[in-house]
Structure formats: C-alpha cells, structure tokens
Amino acid sequence: MPIVENKVVIPEVDIAMVWDVMCDFETFPDLMADVVSVKCFDRDGPHLKSNWVVLLNGSELMWEEQDVFIHHDEIRFHQIDGDLEVWEGVWTTRQEGPDVVVNLKVEFDIGIPSLAEILNPIGERAINANTRQMLGAIKGTSKALA
C-alpha cells in the first residue's frame with residue numbers, strides 16, 4: 001500500500017496551541033480549499049468519529065473515520081466506512097526547543113487492484129499535495145494565534 005508522509009516545522013510556538021488547531025477538524029474547511037466538510041460526532045474521551053469530504057484531483061472523496069487523540073503527541077485515524085479500501089494514518093507533534101514539528105503519515109489503498117499501477121501514483125501525488133496543504137494551514141493558523 002502506498003504511504004505518504006510530510007512534515008512542517010512551526011517556529012516559536014507552543015505545542016498546546018498547535019495541538020488545539022490540529023484537533024479542531026471542523027474548522028479545516030475554512031482553512032483548506034480541498035477540505036469540503038468535516039463533521040465530528042460520538043466523542044468518548046480520546047475517541048472521536050468524523051465524516052470527511054475532500055477534493056482529490058477534483059473529485060470528491062468521502063469517508064468516516066475513527067480518531068484517537070493522545071494528548072499533545074499524536075492523533076491516530078482509520079477509515080471505518082468510505083470510498084477507499086484503506087485510509088489510515090497518524091499525526092504526530094513534538095516540541096523541539098522553541099519550535100513544533102508536525103508530521104502527517106497516511107497509508108491508503110484505492111481498492112482496485114487491477115488499476116493500482118495507474119491509480120496509486122495519481123493518488124500519492126494528490127494526497128501528498130493535500131497533506132502539504134493541511135500542514136501549511138495548521139502552520140499558518142498556529143502562527144497567527146501565537
């Protein structure tokens with residue numbers, strides 16, 4: 001399965017501020033052009049379910065995921081229903097001196113084995129662009145709040 005991983009360094013900001021921005025999924029459509037909507041529900045302690053609609057190469061992808069929040073360290077997620085066969089990954093954060101490093105790793109499977117050679121590279125490029133956009137928005141929002 002393809003894996004996409006990107007990171008961003010946010011200078012001179014507290015990890016708690018970055019964490020608050022990262023965890024506020026429902027604001028992502030206001031911050032990121034490719035995120036159409038996010039609805040969160042069934043919060044139970046560190047567990048949350050969320051419905052996502054995003055644009056991937058101009059097409060809408062929809063899924064429901066289970067998210068697990070581990071205080072200021074990571075958010076693990078995996079699809080429980082949706083357009084892809086597999087959608088899972090992890091956001092990680094760490095304070096490095098005055099800076100915060102945010103990493104987003106996504107593993108996916110489009111679910112059409114006969115077209116994997118064609119679709120996987122397209123999916124990787126699009127998911128790579130989307131994750132970079134998400135990390136850039138988190139950086140910009142965190143810096144604006146600092």
# chains A, B, ... in the order shown; residues from 1 in each chain; ligands from 1

call {"tool": "residues_around", "arguments": {"residues": "segment 127-134 of chain A", "least_positions_apart": "4", "cutoff": "10 Å", "atoms": "only C-alpha atoms", "output": "JSON, numbers by chain"}}
result
{"A": [3, 4, 5, 6, 7, 8, 22, 28, 31, 32, 33, 34, 35, 54, 55, 56, 57, 103, 104, 105, 106, 107, 108, 121, 122, 123, 138, 139, 140]}

call {"tool": "residues_around", "arguments": {"residues": "His78 of chain A", "least_positions_apart": "2", "cutoff": "6 Å", "atoms": "only C-alpha atoms", "output": "PyMOL selection string"}}
result
chain A and resi 65-66+87-88

call {"tool": "select_by_dssp", "arguments": {"residues": "segment 67-132 of chain A", "states": "helix (DSSP H, G or I)", "output": "list of chain:residue names"}}
result
A:Pro113, A:Ser114, A:Leu115, A:Ala116, A:Glu117, A:Ile118, A:Leu119, A:Asn120, A:Pro121, A:Ile122, A:Gly123, A:Glu124, A:Arg125, A:Ala126, A:Ile127, A:Asn128, A:Ala129, A:Asn130, A:Thr131, A:Arg132

call {"tool": "write_last_selection", "arguments": {"atoms": "N, CA and C atoms", "output": "PDB file, in the first residue's frame"}}
result
ATOM      1  N   PRO A 113      -7.345  -3.403  -7.436  1.00  0.00           N
ATOM      2  CA  PRO A 113      -6.027  -3.988  -7.696  1.00  0.00           C
ATOM      3  C   PRO A 113      -5.603  -3.950  -9.162  1.00  0.00           C
ATOM      4  N   SER A 114      -6.545  -4.152 -10.063  1.00  0.00           N
ATOM      5  CA  SER A 114      -6.181  -4.185 -11.483  1.00  0.00           C
ATOM      6  C   SER A 114      -5.716  -2.823 -12.008  1.00  0.00           C
ATOM      7  N   LEU A 115      -6.065  -1.745 -11.317  1.00  0.00           N
ATOM      8  CA  LEU A 115      -5.662  -0.402 -11.741  1.00  0.00           C
ATOM      9  C   LEU A 115      -4.647   0.246 -10.789  1.00  0.00           C
ATOM     10  N   ALA A 116      -4.135  -0.537  -9.844  1.00  0.00           N
ATOM     11  CA  ALA A 116      -3.241   0.013  -8.820  1.00  0.00           C
ATOM     12  C   ALA A 116      -2.014   0.692  -9.434  1.00  0.00           C
ATOM     13  N   GLU A 117      -1.438   0.103 -10.486  1.00  0.00           N
ATOM     14  CA  GLU A 117      -0.245   0.697 -11.092  1.00  0.00           C
ATOM     15  C   GLU A 117      -0.522   2.080 -11.661  1.00  0.00           C
ATOM     16  N   ILE A 118      -1.727   2.307 -12.112  1.00  0.00           N
ATOM     17  CA  ILE A 118      -2.100   3.602 -12.679  1.00  0.00           C
ATOM     18  C   ILE A 118      -2.594   4.545 -11.588  1.00  0.00           C
ATOM     19  N   LEU A 119      -3.486   4.056 -10.711  1.00  0.00           N
ATOM     20  CA  LEU A 119      -4.146   4.921  -9.738  1.00  0.00           C
ATOM     21  C   LEU A 119      -3.278   5.276  -8.533  1.00  0.00           C
ATOM     22  N   ASN A 120      -2.426   4.348  -8.076  1.00  0.00           N
ATOM     23  CA  ASN A 120      -1.627   4.636  -6.884  1.00  0.00           C
ATOM     24  C   ASN A 120      -0.715   5.853  -7.046  1.00  0.00           C
ATOM     25  N   PRO A 121       0.021   5.990  -8.169  1.00  0.00           N
ATOM     26  CA  PRO A 121       0.844   7.204  -8.314  1.00  0.00           C
ATOM     27  C   PRO A 121       0.012   8.487  -8.360  1.00  0.00           C
ATOM     28  N   ILE A 122      -1.146   8.434  -8.989  1.00  0.00           N
ATOM     29  CA  ILE A 122      -2.037   9.600  -9.026  1.00  0.00           C
ATOM     30  C   ILE A 122      -2.521   9.920  -7.614  1.00  0.00           C
ATOM     31  N   GLY A 123      -2.939   8.879  -6.881  1.00  0.00           N
ATOM     32  CA  GLY A 123      -3.375   9.059  -5.502  1.00  0.00           C
ATOM     33  C   GLY A 123      -2.268   9.600  -4.624  1.00  0.00           C
ATOM     34  N   GLU A 124      -1.046   9.080  -4.786  1.00  0.00           N
ATOM     35  CA  GLU A 124       0.083   9.554  -3.977  1.00  0.00           C
ATOM     36  C   GLU A 124       0.342  11.036  -4.207  1.00  0.00           C
ATOM     37  N   ARG A 125       0.354  11.463  -5.471  1.00  0.00           N
ATOM     38  CA  ARG A 125       0.594  12.883  -5.768  1.00  0.00           C
ATOM     39  C   ARG A 125      -0.497  13.760  -5.161  1.00  0.00           C
ATOM     40  N   ALA A 126      -1.742  13.341  -5.320  1.00  0.00           N
ATOM     41  CA  ALA A 126      -2.861  14.149  -4.811  1.00  0.00           C
ATOM     42  C   ALA A 126      -2.867  14.188  -3.288  1.00  0.00           C
ATOM     43  N   ILE A 127      -2.661  13.050  -2.645  1.00  0.00           N
ATOM     44  CA  ILE A 127      -2.643  13.005  -1.173  1.00  0.00           C
ATOM     45  C   ILE A 127      -1.436  13.773  -0.642  1.00  0.00           C
ATOM     46  N   ASN A 128      -0.308  13.687  -1.342  1.00  0.00           N
ATOM     47  CA  ASN A 128       0.869  14.458  -0.956  1.00  0.00           C
ATOM     48  C   ASN A 128       0.558  15.955  -0.986  1.00  0.00           C
ATOM     49  N   ALA A 129      -0.081  16.413  -2.057  1.00  0.00           N
ATOM     50  CA  ALA A 129      -0.448  17.832  -2.165  1.00  0.00           C
ATOM     51  C   ALA A 129      -1.447  18.219  -1.069  1.00  0.00           C
ATOM     52  N   ASN A 130      -2.436  17.360  -0.826  1.00  0.00           N
ATOM     53  CA  ASN A 130      -3.443  17.651   0.206  1.00  0.00           C
ATOM     54  C   ASN A 130      -2.819  17.705   1.598  1.00  0.00           C
ATOM     55  N   THR A 131      -1.937  16.762   1.918  1.00  0.00           N
ATOM     56  CA  THR A 131      -1.335  16.764   3.254  1.00  0.00           C
ATOM     57  C   THR A 131      -0.424  17.974   3.437  1.00  0.00           C
ATOM     58  N   ARG A 132       0.296  18.367   2.384  1.00  0.00           N
ATOM     59  CA  ARG A 132       1.124  19.582   2.478  1.00  0.00           C
ATOM     60  C   ARG A 132       0.245  20.807   2.708  1.00  0.00           C
TER      61      ARG A 132
END

call {"tool": "select_by_dssp", "arguments": {"residues": "chain A", "states": "strand (DSSP E or B)", "output": "number ranges by chain"}}
result
A: 3-10, 35-44, 47-56, 59-70, 74-82, 86-96, 99-109

call {"tool": "atom_distance", "arguments": {"atom1": "atom CA of Cys40 of chain A", "atom2": "atom CA of Glu26 of chain A"}}
result
6.9 Å

call {"tool": "atom_distance", "arguments": {"atom1": "atom CA of Gly82 of chain A", "atom2": "atom CA of Val21 of chain A"}}
result
25.0 Å

call {"tool": "residues_around", "arguments": {"residues": "Lys143 of chain A", "least_positions_apart": "6", "cutoff": "10 Å", "atoms": "only C-alpha atoms", "output": "list in words"}}
result
Ile10, Pro11, Glu12, Val13, Asp14, Met17, Val18 and Ala137 of chain A

call {"tool": "closest_residue", "arguments": {"among": "A:Asp44, A:Phe69, A:Ile112, A:Asp24", "to": "Trp91 of chain A", "atoms": "only C-alpha atoms"}}
result
A:Phe69

call {"tool": "atom_distance", "arguments": {"atom1": "atom CA of Glu85 of chain A", "atom2": "atom CA of Glu60 of chain A"}}
result
15.4 Å

call {"tool": "closest_residue", "arguments": {"among": "A:Val9, A:Lys49, A:Pro98, A:Phe25", "to": "Ile80 of chain A", "atoms": "only C-alpha atoms"}}
result
A:Lys49

call {"tool": "residues_around", "arguments": {"residues": "Trp63 of chain A", "least_positions_apart": "2", "cutoff": "6 Å", "atoms": "only C-alpha atoms", "output": "list in words"}}
result
Asn51, Trp52, Asp81 and Gly82 of chain A

call {"tool": "closest_residue", "arguments": {"among": "A:Phe77, A:Gly45, A:Asp83, A:Ser142", "to": "Ser59 of chain A", "atoms": "only C-alpha atoms"}}
result
A:Asp83
